[in-house]
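> Enclosed is the structure file protein-v5.cif (mmCIF, C-alpha atoms).
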```cif
data_query
#
loop_
_atom_site.label_atom_id
_atom_site.label_comp_id
_atom_site.auth_asym_id
_atom_site.auth_seq_id
_atom_site.Cartn_x
_atom_site.Cartn_y
_atom_site.Cartn_z
CA MET L 241 4.86 48.52 -19.56
CA LYS L 242 3.12 48.95 -16.18
CA ASN L 243 0.80 46.03 -16.93
CA LEU L 244 3.73 43.85 -17.96
CA PHE L 245 5.52 44.65 -14.68
CA LEU L 246 2.43 43.67 -12.65
CA ILE L 247 2.06 40.39 -14.51
CA LEU L 248 5.70 39.51 -13.87
CA LEU L 249 5.43 40.49 -10.20
CA LEU L 250 2.27 38.41 -9.62
CA GLY L 251 3.81 35.45 -11.42
CA GLY L 252 6.85 35.61 -9.16
CA LEU L 253 4.71 35.75 -6.02
CA PHE L 254 2.66 32.74 -7.16
CA SER L 255 5.83 30.71 -7.77
CA CYS L 256 7.15 31.53 -4.28
CA GLN L 257 3.88 30.56 -2.60
CA ASN L 258 3.93 27.13 -4.26
CA ALA L 259 7.60 26.35 -3.68
CA GLY L 260 8.23 22.96 -2.05
CA GLN L 261 4.82 21.54 -3.00
CA HIS L 262 5.95 19.45 -6.00
CA SER L 263 5.45 22.45 -8.29
CA GLU L 264 6.26 21.85 -11.94
CA ALA L 265 7.95 25.25 -12.22
CA THR L 266 11.54 25.13 -13.46
CA THR L 267 14.46 27.49 -13.57
CA ALA L 268 17.01 27.93 -16.32
CA LYS L 269 19.31 25.54 -14.46
CA THR L 270 16.72 22.95 -13.36
CA GLU L 271 14.78 20.51 -15.48
CA VAL L 272 11.98 18.47 -13.93
CA THR L 273 12.36 14.69 -14.19
CA TYR L 274 9.36 12.40 -13.72
CA ALA L 275 9.43 8.78 -12.65
CA GLY L 276 6.90 7.56 -15.20
CA ASN L 277 4.29 4.90 -14.51
CA PRO L 278 4.52 2.01 -13.91
CA ILE L 279 7.64 2.50 -11.79
CA ILE L 280 8.68 -1.16 -12.25
CA GLN L 281 9.19 -2.01 -15.92
CA ASP L 282 11.07 -5.32 -15.89
CA MET L 283 8.55 -7.59 -14.18
CA TYR L 284 4.90 -7.68 -13.13
CA THR L 285 4.28 -6.45 -9.59
CA ALA L 286 1.15 -5.90 -7.51
CA ASP L 287 -0.42 -5.16 -4.12
CA PRO L 288 2.10 -2.56 -2.89
CA ALA L 289 2.86 -1.62 0.70
CA ALA L 290 5.27 1.17 1.68
CA TRP L 291 7.57 1.97 4.57
CA VAL L 292 10.14 4.71 5.21
CA HIS L 293 13.38 3.60 6.89
CA ASN L 294 16.69 5.46 7.21
CA ASP L 295 15.47 8.25 4.92
CA THR L 296 14.70 5.71 2.19
CA LEU L 297 11.29 4.77 0.83
CA PHE L 298 10.79 1.01 0.51
CA VAL L 299 7.96 -0.52 -1.50
CA PHE L 300 7.03 -4.17 -0.93
CA THR L 301 5.14 -5.86 -3.73
CA GLY L 302 3.64 -9.12 -4.82
CA HIS L 303 5.14 -10.76 -7.91
CA ASP L 304 2.81 -11.82 -10.74
CA GLU L 305 4.32 -14.73 -12.69
CA GLN L 306 1.34 -15.93 -14.72
CA GLU L 307 1.90 -16.51 -18.44
CA GLU L 308 0.28 -14.06 -20.84
CA GLY L 309 -3.28 -15.10 -21.67
CA ALA L 310 -3.51 -17.70 -18.89
CA GLU L 311 -5.97 -17.53 -15.99
CA GLY L 312 -5.35 -17.35 -12.25
CA PHE L 313 -2.76 -15.78 -9.98
CA VAL L 314 0.70 -17.35 -9.92
CA MET L 315 2.55 -15.70 -7.03
CA ASN L 316 5.38 -17.37 -5.11
CA ASP L 317 7.36 -14.56 -3.47
CA TRP L 318 7.39 -10.91 -2.47
CA MET L 319 9.70 -8.25 -3.95
CA VAL L 320 11.37 -5.19 -2.37
CA TYR L 321 12.22 -1.93 -4.13
CA SER L 322 13.66 1.29 -2.69
CA THR L 323 14.29 4.88 -3.70
CA THR L 324 15.72 8.09 -2.27
CA ASP L 325 14.59 10.37 -5.12
CA MET L 326 11.23 8.88 -6.27
CA VAL L 327 12.58 8.34 -9.80
CA ASN L 328 15.39 5.80 -9.52
CA TRP L 329 14.31 2.52 -7.93
CA THR L 330 16.63 -0.21 -6.68
CA ASN L 331 15.43 -3.78 -7.14
CA HIS L 332 16.43 -5.79 -4.06
CA GLY L 333 14.88 -8.93 -5.51
CA PRO L 334 12.60 -11.39 -3.74
CA ARG L 335 13.13 -11.14 0.03
CA LEU L 336 10.42 -13.48 1.27
CA SER L 337 8.71 -16.51 -0.21
CA VAL L 338 5.90 -18.91 0.67
CA ASP L 339 8.31 -21.70 1.55
CA VAL L 340 9.52 -19.76 4.63
CA PHE L 341 6.22 -20.81 6.21
CA ASP L 342 6.24 -24.59 6.69
CA TRP L 343 2.49 -24.60 7.33
CA ALA L 344 1.67 -22.83 4.01
CA LYS L 345 1.49 -24.35 0.56
CA ALA L 346 0.99 -21.57 -2.02
CA ASP L 347 -0.07 -18.07 -3.04
CA ALA L 348 2.12 -15.13 -2.01
CA TRP L 349 -0.79 -12.70 -2.03
CA ALA L 350 -0.98 -9.17 -0.62
CA ALA L 351 1.32 -8.36 2.30
CA HIS L 352 2.35 -5.47 4.52
CA LEU L 353 5.53 -4.57 6.42
CA VAL L 354 6.01 -2.47 9.56
CA GLU L 355 8.89 -1.72 11.91
CA LYS L 356 8.62 -1.91 15.68
CA ASP L 357 11.34 -1.76 18.35
CA GLY L 358 14.11 -2.37 15.84
CA LYS L 359 12.50 -5.40 14.22
CA PHE L 360 10.65 -5.67 10.91
CA TYR L 361 7.39 -7.62 10.72
CA TRP L 362 6.10 -8.77 7.33
CA PHE L 363 2.41 -9.76 7.47
CA VAL L 364 1.48 -11.93 4.50
CA THR L 365 -1.42 -13.73 2.84
CA VAL L 366 -0.87 -17.40 1.92
CA GLU L 367 -2.84 -20.58 1.30
CA HIS L 368 -2.81 -22.81 4.39
CA ALA L 369 -1.59 -26.37 3.86
CA SER L 370 -3.92 -28.12 6.32
CA ILE L 371 -6.72 -25.67 7.24
CA PRO L 372 -8.80 -24.96 4.12
CA GLY L 373 -8.64 -21.36 2.98
CA LYS L 374 -6.37 -18.36 3.03
CA ALA L 375 -4.39 -17.47 6.15
CA ILE L 376 -2.24 -14.65 7.50
CA GLY L 377 1.32 -15.29 8.59
CA VAL L 378 4.05 -13.12 10.09
CA ALA L 379 7.74 -13.10 9.18
CA VAL L 380 10.36 -11.20 11.19
CA SER L 381 13.88 -9.88 10.67
CA ASP L 382 16.39 -7.52 12.27
CA ASN L 383 17.05 -6.00 8.83
CA ILE L 384 14.47 -4.51 6.48
CA LEU L 385 15.95 -6.57 3.64
CA GLY L 386 16.07 -9.75 5.66
CA PRO L 387 16.67 -12.59 5.85
CA TYR L 388 13.17 -13.20 7.23
CA GLU L 389 11.95 -16.17 9.24
CA ASP L 390 8.55 -17.32 10.40
CA ALA L 391 7.86 -15.33 13.57
CA ILE L 392 5.30 -17.76 15.01
CA GLY L 393 5.71 -21.17 13.40
CA SER L 394 2.00 -21.19 12.61
CA ALA L 395 -0.58 -18.83 11.14
CA LEU L 396 -1.76 -15.75 13.00
CA ILE L 397 -5.20 -15.89 11.33
CA THR L 398 -6.84 -18.94 9.76
CA ASN L 399 -10.12 -19.26 7.91
CA ASP L 400 -11.78 -21.22 10.71
CA MET L 401 -11.27 -18.30 13.12
CA THR L 402 -13.65 -16.05 11.16
CA THR L 403 -17.21 -17.02 10.35
CA GLN L 404 -18.75 -13.85 8.93
CA THR L 405 -18.74 -15.29 5.38
CA ASP L 406 -18.69 -18.73 3.79
CA ILE L 407 -15.89 -17.95 1.34
CA PHE L 408 -12.41 -19.39 1.88
CA TRP L 409 -10.54 -16.22 0.82
CA ASP L 410 -11.97 -13.80 3.38
CA ASP L 411 -8.77 -13.72 5.50
CA ILE L 412 -6.46 -11.87 3.12
CA ASP L 413 -4.74 -8.51 2.67
CA PRO L 414 -3.33 -7.80 6.14
CA ALA L 415 -2.47 -4.18 6.93
CA VAL L 416 -0.88 -3.07 10.19
CA PHE L 417 -0.87 0.42 11.65
CA ILE L 418 1.40 1.34 14.57
CA ASP L 419 0.31 4.45 16.45
CA ALA L 420 2.54 7.00 18.17
CA ASP L 421 1.97 5.27 21.52
CA GLY L 422 3.36 2.01 20.13
CA THR L 423 0.04 0.16 19.92
CA ALA L 424 -0.36 -2.00 16.82
CA HIS L 425 -3.59 -2.57 14.92
CA LEU L 426 -4.35 -5.26 12.33
CA TYR L 427 -6.92 -4.86 9.52
CA TRP L 428 -7.72 -7.50 6.90
CA GLY L 429 -10.47 -9.23 4.96
CA ASN L 430 -12.46 -9.79 1.81
CA THR L 431 -16.18 -8.96 1.68
CA VAL L 432 -16.01 -8.26 5.43
CA LEU L 433 -13.44 -5.86 6.92
CA LYS L 434 -12.02 -7.25 10.14
CA TYR L 435 -9.98 -5.59 12.87
CA ALA L 436 -8.07 -6.59 16.01
CA PRO L 437 -5.37 -4.96 18.13
CA LEU L 438 -2.04 -6.77 18.37
CA LYS L 439 -0.05 -7.54 21.50
CA GLU L 440 3.33 -5.95 22.13
CA ASN L 441 5.06 -8.97 20.57
CA MET L 442 3.28 -8.34 17.21
CA THR L 443 2.46 -12.04 16.86
CA GLU L 444 -0.74 -12.38 18.93
CA LEU L 445 -4.14 -10.73 18.87
CA ASP L 446 -4.84 -8.52 21.88
CA GLY L 447 -8.61 -8.74 21.80
CA PRO L 448 -11.56 -10.20 19.92
CA ILE L 449 -11.89 -9.88 16.16
CA GLU L 450 -14.29 -7.05 15.30
CA VAL L 451 -16.01 -6.03 12.08
CA ILE L 452 -15.67 -2.54 10.60
CA ASP L 453 -18.78 -1.52 8.68
CA VAL L 454 -17.94 0.58 5.62
CA PRO L 455 -19.95 0.66 2.36
CA SER L 456 -19.13 -1.74 -0.47
CA PHE L 457 -15.95 -3.09 1.15
CA THR L 458 -14.17 -5.65 -1.01
CA GLU L 459 -10.57 -6.01 0.23
CA GLY L 460 -7.20 -4.24 0.57
CA PRO L 461 -7.48 -2.08 3.72
CA TYR L 462 -4.64 0.38 4.41
CA VAL L 463 -4.52 2.69 7.44
CA PHE L 464 -2.34 5.77 7.97
CA LYS L 465 -2.34 8.89 10.12
CA ARG L 466 -1.98 12.53 9.11
CA ASN L 467 -1.92 15.19 11.80
CA ASP L 468 -4.48 13.97 14.36
CA GLN L 469 -6.70 12.15 11.88
CA TYR L 470 -6.72 8.46 10.95
CA PHE L 471 -7.45 7.34 7.39
CA LEU L 472 -8.74 3.96 6.26
CA THR L 473 -8.43 3.36 2.52
CA PHE L 474 -9.79 0.20 0.94
CA SER L 475 -10.84 -1.51 -2.29
CA ALA L 476 -14.58 -1.27 -2.87
CA GLN L 477 -17.02 -2.83 -5.34
CA PHE L 478 -15.86 -5.00 -8.26
CA PRO L 479 -14.21 -4.12 -10.58
CA GLU L 480 -12.54 -2.35 -7.71
CA VAL L 481 -12.26 1.33 -6.88
CA ILE L 482 -10.58 2.86 -3.82
CA ASP L 483 -12.78 4.51 -1.17
CA TYR L 484 -11.84 5.88 2.23
CA ALA L 485 -13.06 6.65 5.74
CA MET L 486 -11.74 8.77 8.62
CA ALA L 487 -11.67 8.42 12.41
CA ASP L 488 -10.24 9.95 15.57
CA SER L 489 -8.83 6.59 16.67
CA PRO L 490 -7.27 3.58 14.89
CA ALA L 491 -10.08 1.49 16.37
CA GLY L 492 -12.75 3.78 14.92
CA PRO L 493 -15.59 4.51 14.71
CA TRP L 494 -14.95 5.16 11.02
CA VAL L 495 -16.87 7.76 9.04
CA TYR L 496 -17.17 6.94 5.34
CA LYS L 497 -15.92 9.84 3.17
CA GLY L 498 -16.39 8.56 -0.38
CA ARG L 499 -14.44 7.84 -3.54
CA LEU L 500 -10.68 8.30 -3.66
CA PHE L 501 -9.60 6.53 -6.85
CA ASP L 502 -11.43 5.00 -9.82
CA GLU L 503 -10.96 1.73 -11.68
CA VAL L 504 -7.63 1.10 -13.41
CA PRO L 505 -7.19 -0.16 -16.98
CA ASN L 506 -6.94 -3.90 -17.62
CA SER L 507 -7.13 -4.90 -13.94
CA PRO L 508 -10.34 -5.50 -11.99
CA THR L 509 -8.33 -5.47 -8.74
CA ASN L 510 -7.12 -2.25 -7.15
CA HIS L 511 -4.71 -2.17 -4.20
CA GLN L 512 -3.05 0.87 -2.59
CA ALA L 513 -0.69 2.31 -0.01
CA VAL L 514 -0.48 5.93 1.14
CA VAL L 515 2.81 7.21 2.54
CA GLU L 516 4.53 10.48 3.41
CA TYR L 517 8.11 10.85 2.23
CA LYS L 518 10.31 13.94 2.43
CA GLY L 519 7.38 16.32 2.84
CA ASP L 520 5.04 14.98 0.16
CA TRP L 521 2.30 12.36 0.25
CA TYR L 522 2.28 9.53 -2.27
CA PHE L 523 -0.38 7.11 -3.48
CA VAL L 524 1.12 3.74 -4.46
CA TYR L 525 -1.10 1.38 -6.45
CA HIS L 526 -1.13 -1.11 -9.29
CA ASN L 527 -2.60 -1.17 -12.76
CA ALA L 528 -1.93 -3.46 -15.72
CA ALA L 529 -0.39 -0.96 -18.12
CA LEU L 530 2.82 -2.79 -19.06
CA LYS L 531 2.92 -4.56 -22.40
CA GLY L 532 1.44 -8.01 -21.93
CA GLY L 533 -0.21 -6.96 -18.69
CA GLY L 534 -3.65 -7.95 -17.50
CA GLU L 535 -5.70 -9.17 -14.56
CA PHE L 536 -2.96 -11.59 -13.45
CA ARG L 537 0.03 -9.52 -14.69
CA ARG L 538 -0.09 -6.16 -12.89
CA SER L 539 2.29 -3.24 -12.38
CA VAL L 540 3.00 -0.93 -9.43
CA CYS L 541 2.66 2.85 -9.95
CA VAL L 542 3.03 6.02 -7.87
CA ASP L 543 1.11 9.31 -8.00
CA TYR L 544 0.61 12.13 -5.52
CA ALA L 545 -1.98 12.10 -2.74
CA TYR L 546 -3.64 15.43 -1.94
CA PHE L 547 -5.57 16.79 1.04
CA ASP L 548 -8.15 19.57 1.45
CA ASP L 549 -7.90 22.31 4.06
CA ASP L 550 -10.26 20.38 6.34
CA GLY L 551 -7.92 17.37 6.29
CA SER L 552 -10.02 15.19 3.99
CA MET L 553 -8.48 13.60 0.90
CA LYS L 554 -8.92 14.80 -2.64
CA GLU L 555 -9.76 12.32 -5.39
CA ILE L 556 -6.63 10.98 -7.09
CA VAL L 557 -6.31 10.83 -10.86
CA PRO L 558 -3.70 8.40 -12.22
CA THR L 559 -1.02 9.73 -14.54
CA GLU L 560 1.47 8.24 -16.98
CA LYS L 561 4.24 10.66 -15.97
CA GLY L 562 4.04 9.79 -12.27
CA VAL L 563 5.82 11.91 -9.66
CA MET L 564 8.75 14.29 -9.80
CA GLU L 565 12.33 13.60 -8.82
CA ILE L 566 13.30 14.98 -5.41
CA ASP L 567 16.65 15.70 -3.78
CA LYS L 568 18.37 12.63 -2.42
#
```
Take the structure I supplied and represent it as structure tokens, if you would.

Amino acid sequence: MKNLFLILLLGGLFSCQNAGQHSEATTAKTEVTYAGNPIIQDMYTADPAAWVHNDTLFVFTGHDEQEEGAEGFVMNDWMVYSTTDMVNWTNHGPRLSVDVFDWAKADAWAAHLVEKDGKFYWFVTVEHASIPGKAIGVAVSDNILGPYEDAIGSALITNDMTTQTDIFWDDIDPAVFIDADGTAHLYWGNTVLKYAPLKENMTELDGPIEVIDVPSFTEGPYVFKRNDQYFLTFSAQFPEVIDYAMADSPAGPWVYKGRLFDEVPNSPTNHQAVVEYKGDWYFVYHNAALKGGGEFRRSVCVDYAYFDDDGSMKEIVPTEKGVMEIDK
């Protein structure tokens, strides 16, 4: 009987110590609900970015429209989804499309949204209509759900501005990080990772374009801050995995830390966002797990991100059950 009492006591202490850290423990009155992956089941979505606004988590995605079995990306607009409990997602529909940019002709590729001084800036990848190659544009709105308009009237980055590679798709996948002091930092690229600070208006570069040297960089940079440390996650190799680096400043220098996430089934591309919401950290990514999915028909998923005591990230293992429901 003594031993049984000790076991029960230790079990109770363990449960208390882990409370509030997405523990799977339940009570007689509480049943854990999981979101399931992919989180979007009614269409093919890819290249997620995430932003928290008014206590709501918004996820911005690309929209894969290619027919099953056909080759090549068919992407014309960007979707918005939101949640307050990590399980139930509201589809706000397409909120930005290529035709908002008069100077662009196609390809709503990876994009990223940030909020600054009450305005929302949506940095996007498109195909330029007159300058050969991919380009980065900026849309702006006073509301996170739009309507959005072209913030510049021309591209922020064009392929002729960068000469580190000969490929025409090296100016893709913009990611913007805004630090606590209000400074904004732009990261983008394929094969070569490029960086430049942004001016206060968010529509001009505030310095020369620099190159960040990290091993095996492919594309998809994403920068966030936790405590006093800056994290740079990115797609590496091909088929792609997710690696990461850390720094004491958003401008670097960056110290490569290693593998964060392995290849995903059915999709050679791998694209991620990392976001804190209501006390937990989440890793948002895509795979191609939906029926009929594949390289050009992908699906956005969410799992937890974890950190070690020294602040570094733990490797993330994808799950089918996804993350737990939280209080609204």
> Using only C-alpha atoms, determine which residues lie at most 8 Å from Pro372 of chain L, disregarding the query and same-chain residues fewer than 4 positions distant; provide the list as a list in words.
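My reading of the contact set: Glu367, His368, Asn399 and Phe408 of chain L.
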> Could you write those residues out with C-alpha atoms, as a tab-separated table (two decimals), in the frame of the given file?

```tsv
chain	number	residue	atom	x	y	z
L	367	GLU	CA	-2.84	-20.58	1.30
L	368	HIS	CA	-2.81	-22.81	4.39
L	399	ASN	CA	-10.12	-19.26	7.91
L	408	PHE	CA	-12.41	-19.39	1.88
```
> What does the distance from atom CA of Val314 of chain L to atom CA of Thr365 of chain L come to in Å, to one decimal?
13.4 Å
> Which residue, L:Gly393, L:Gly498, L:Pro508, L:Gly447, has the smallest gap to Met553 of chain L when you use all atoms listed in the file?
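Counting all atoms listed in the file, the residue closest to Met553 of chain L is L:Gly498.
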> Excluding Ser337 of chain L and its own-chain neighbours fewer than 3 positions away, which residues fall within 7 Å of it when counting all atoms listed in the file? Please give them as number ranges by chain.
L: 316-318, 340, 348
> List the spatial neighbours of Pro490 of chain L as a short mmCIF file (atom, residue, chain, number, x, y, z; two decimals) with C-alpha atoms, keeping the file's coordinate frame - criterion: any atom at most 9 Å away, all atoms listed in the file, same-chain residues fewer than 4 positions off excluded.

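Contents of result.cif, as written:
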```cif
data_model
loop_
_atom_site.label_atom_id
_atom_site.label_comp_id
_atom_site.auth_asym_id
_atom_site.auth_seq_id
_atom_site.Cartn_x
_atom_site.Cartn_y
_atom_site.Cartn_z
CA PHE L 417 -0.87 0.42 11.65
CA ILE L 418 1.40 1.34 14.57
CA ASP L 419 0.31 4.45 16.45
CA HIS L 425 -3.59 -2.57 14.92
CA VAL L 463 -4.52 2.69 7.44
CA PHE L 464 -2.34 5.77 7.97
CA LYS L 465 -2.34 8.89 10.12
CA TYR L 470 -6.72 8.46 10.95
CA PHE L 471 -7.45 7.34 7.39
CA LEU L 472 -8.74 3.96 6.26
CA TRP L 494 -14.95 5.16 11.02
#
```
> Point out the residue among L:Asp406, L:Asp550, L:Glu560, L:Asp421 with the least atom-to-atom distance to Gly373 of chain L, counting all atoms listed in the file.
L:Asp406
> Do you have the atom CA of Ala545 of chain L-atom CA of His293 of chain L distance handy?
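Here the two named atoms are 20.0 Å from each other.
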> For Ala344 of chain L, please output as a PyMOL selection string all residues within 9 Å (counting all atoms listed in the file; exclusion window: fewer than 5 positions along the same chain).
chain L and resi 338-339+366-370+375+377+394-395
> To one decimal place in Å, what is the distance between atom CA of Phe457 of chain L and atom CA of Tyr435 of chain L?
13.4 Å
> Using only C-alpha atoms, which residue out of L:Ala350, L:Ala391, L:Ile412, L:Ile279 lies closest to Lys374 of chain L?
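Of L:Ala350, L:Ala391, L:Ile412, L:Ile279, the one nearest Lys374 of chain L, counting only C-alpha atoms, is L:Ile412.
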> If you count all atoms listed in the file, which residues fall within 6 Å of segment 295-308 of chain L, apart from same-chain ones fewer than 5 positions away, as a list in words?
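What passes the distance filter is Tyr284, Thr285, Ala286, Asp287, Pro288, Ala289, Ala290, Val314, Met315, Trp318, Met319, Val320, Tyr321, Ser322, Thr323, Thr324 and Arg537 of chain L.
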> Using only C-alpha atoms, which residue out of L:Phe547, L:Phe478, L:Phe360, L:Tyr525 lies closest to Asn277 of chain L?
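When distances to Asn277 of chain L are compared using only C-alpha atoms, the smallest one comes from L:Tyr525.
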> Closest to Asp382 of chain L among L:Asp357, L:Glu459, L:Asp488, L:Asp543, using only C-alpha atoms?
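Of L:Asp357, L:Glu459, L:Asp488, L:Asp543, the one nearest Asp382 of chain L, counting only C-alpha atoms, is L:Asp357.
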> Could you give me, as number ranges by chain, the residues that have an atom at most 12 Å away from the point (-19.1, 6.5, 14.6) in the coordinates of the file, using all atoms listed in the file?
L: 452-454, 485-489, 491-496
> Kindly extract all protein, DNA and RNA residues lying within 9 Å of the coordinates (-2.3, -8.7, 6.7) given in the file, considering all atoms listed in the file, and supply them as an mmCIF file with C-alpha atoms, in the frame of the given file.

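Okay, result11.cif is ready:
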```
data_model
loop_
_atom_site.group_PDB
_atom_site.id
_atom_site.type_symbol
_atom_site.label_atom_id
_atom_site.label_comp_id
_atom_site.auth_asym_id
_atom_site.auth_seq_id
_atom_site.Cartn_x
_atom_site.Cartn_y
_atom_site.Cartn_z
ATOM 1 C CA ALA L 350 -0.980 -9.170 -0.620
ATOM 2 C CA ALA L 351 1.320 -8.360 2.300
ATOM 3 C CA HIS L 352 2.350 -5.470 4.520
ATOM 4 C CA LEU L 353 5.530 -4.570 6.420
ATOM 5 C CA TRP L 362 6.100 -8.770 7.330
ATOM 6 C CA PHE L 363 2.410 -9.760 7.470
ATOM 7 C CA VAL L 364 1.480 -11.930 4.500
ATOM 8 C CA THR L 365 -1.420 -13.730 2.840
ATOM 9 C CA ILE L 376 -2.240 -14.650 7.500
ATOM 10 C CA GLY L 377 1.320 -15.290 8.590
ATOM 11 C CA VAL L 378 4.050 -13.120 10.090
ATOM 12 C CA ASP L 411 -8.770 -13.720 5.500
ATOM 13 C CA ILE L 412 -6.460 -11.870 3.120
ATOM 14 C CA ASP L 413 -4.740 -8.510 2.670
ATOM 15 C CA PRO L 414 -3.330 -7.800 6.140
ATOM 16 C CA ALA L 415 -2.470 -4.180 6.930
ATOM 17 C CA VAL L 416 -0.880 -3.070 10.190
ATOM 18 C CA LEU L 426 -4.350 -5.260 12.330
ATOM 19 C CA TYR L 427 -6.920 -4.860 9.520
ATOM 20 C CA TRP L 428 -7.720 -7.500 6.900
ATOM 21 C CA GLY L 429 -10.470 -9.230 4.960
ATOM 22 C CA PRO L 461 -7.480 -2.080 3.720
#
```
> Kindly indicate which residue among L:Val542, L:Thr458, L:Leu396, L:Asn328 lies nearest to Glu444 of chain L, using only C-alpha atoms for the distances.
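Selected residue with least distance to Glu444 of chain L: L:Leu396.
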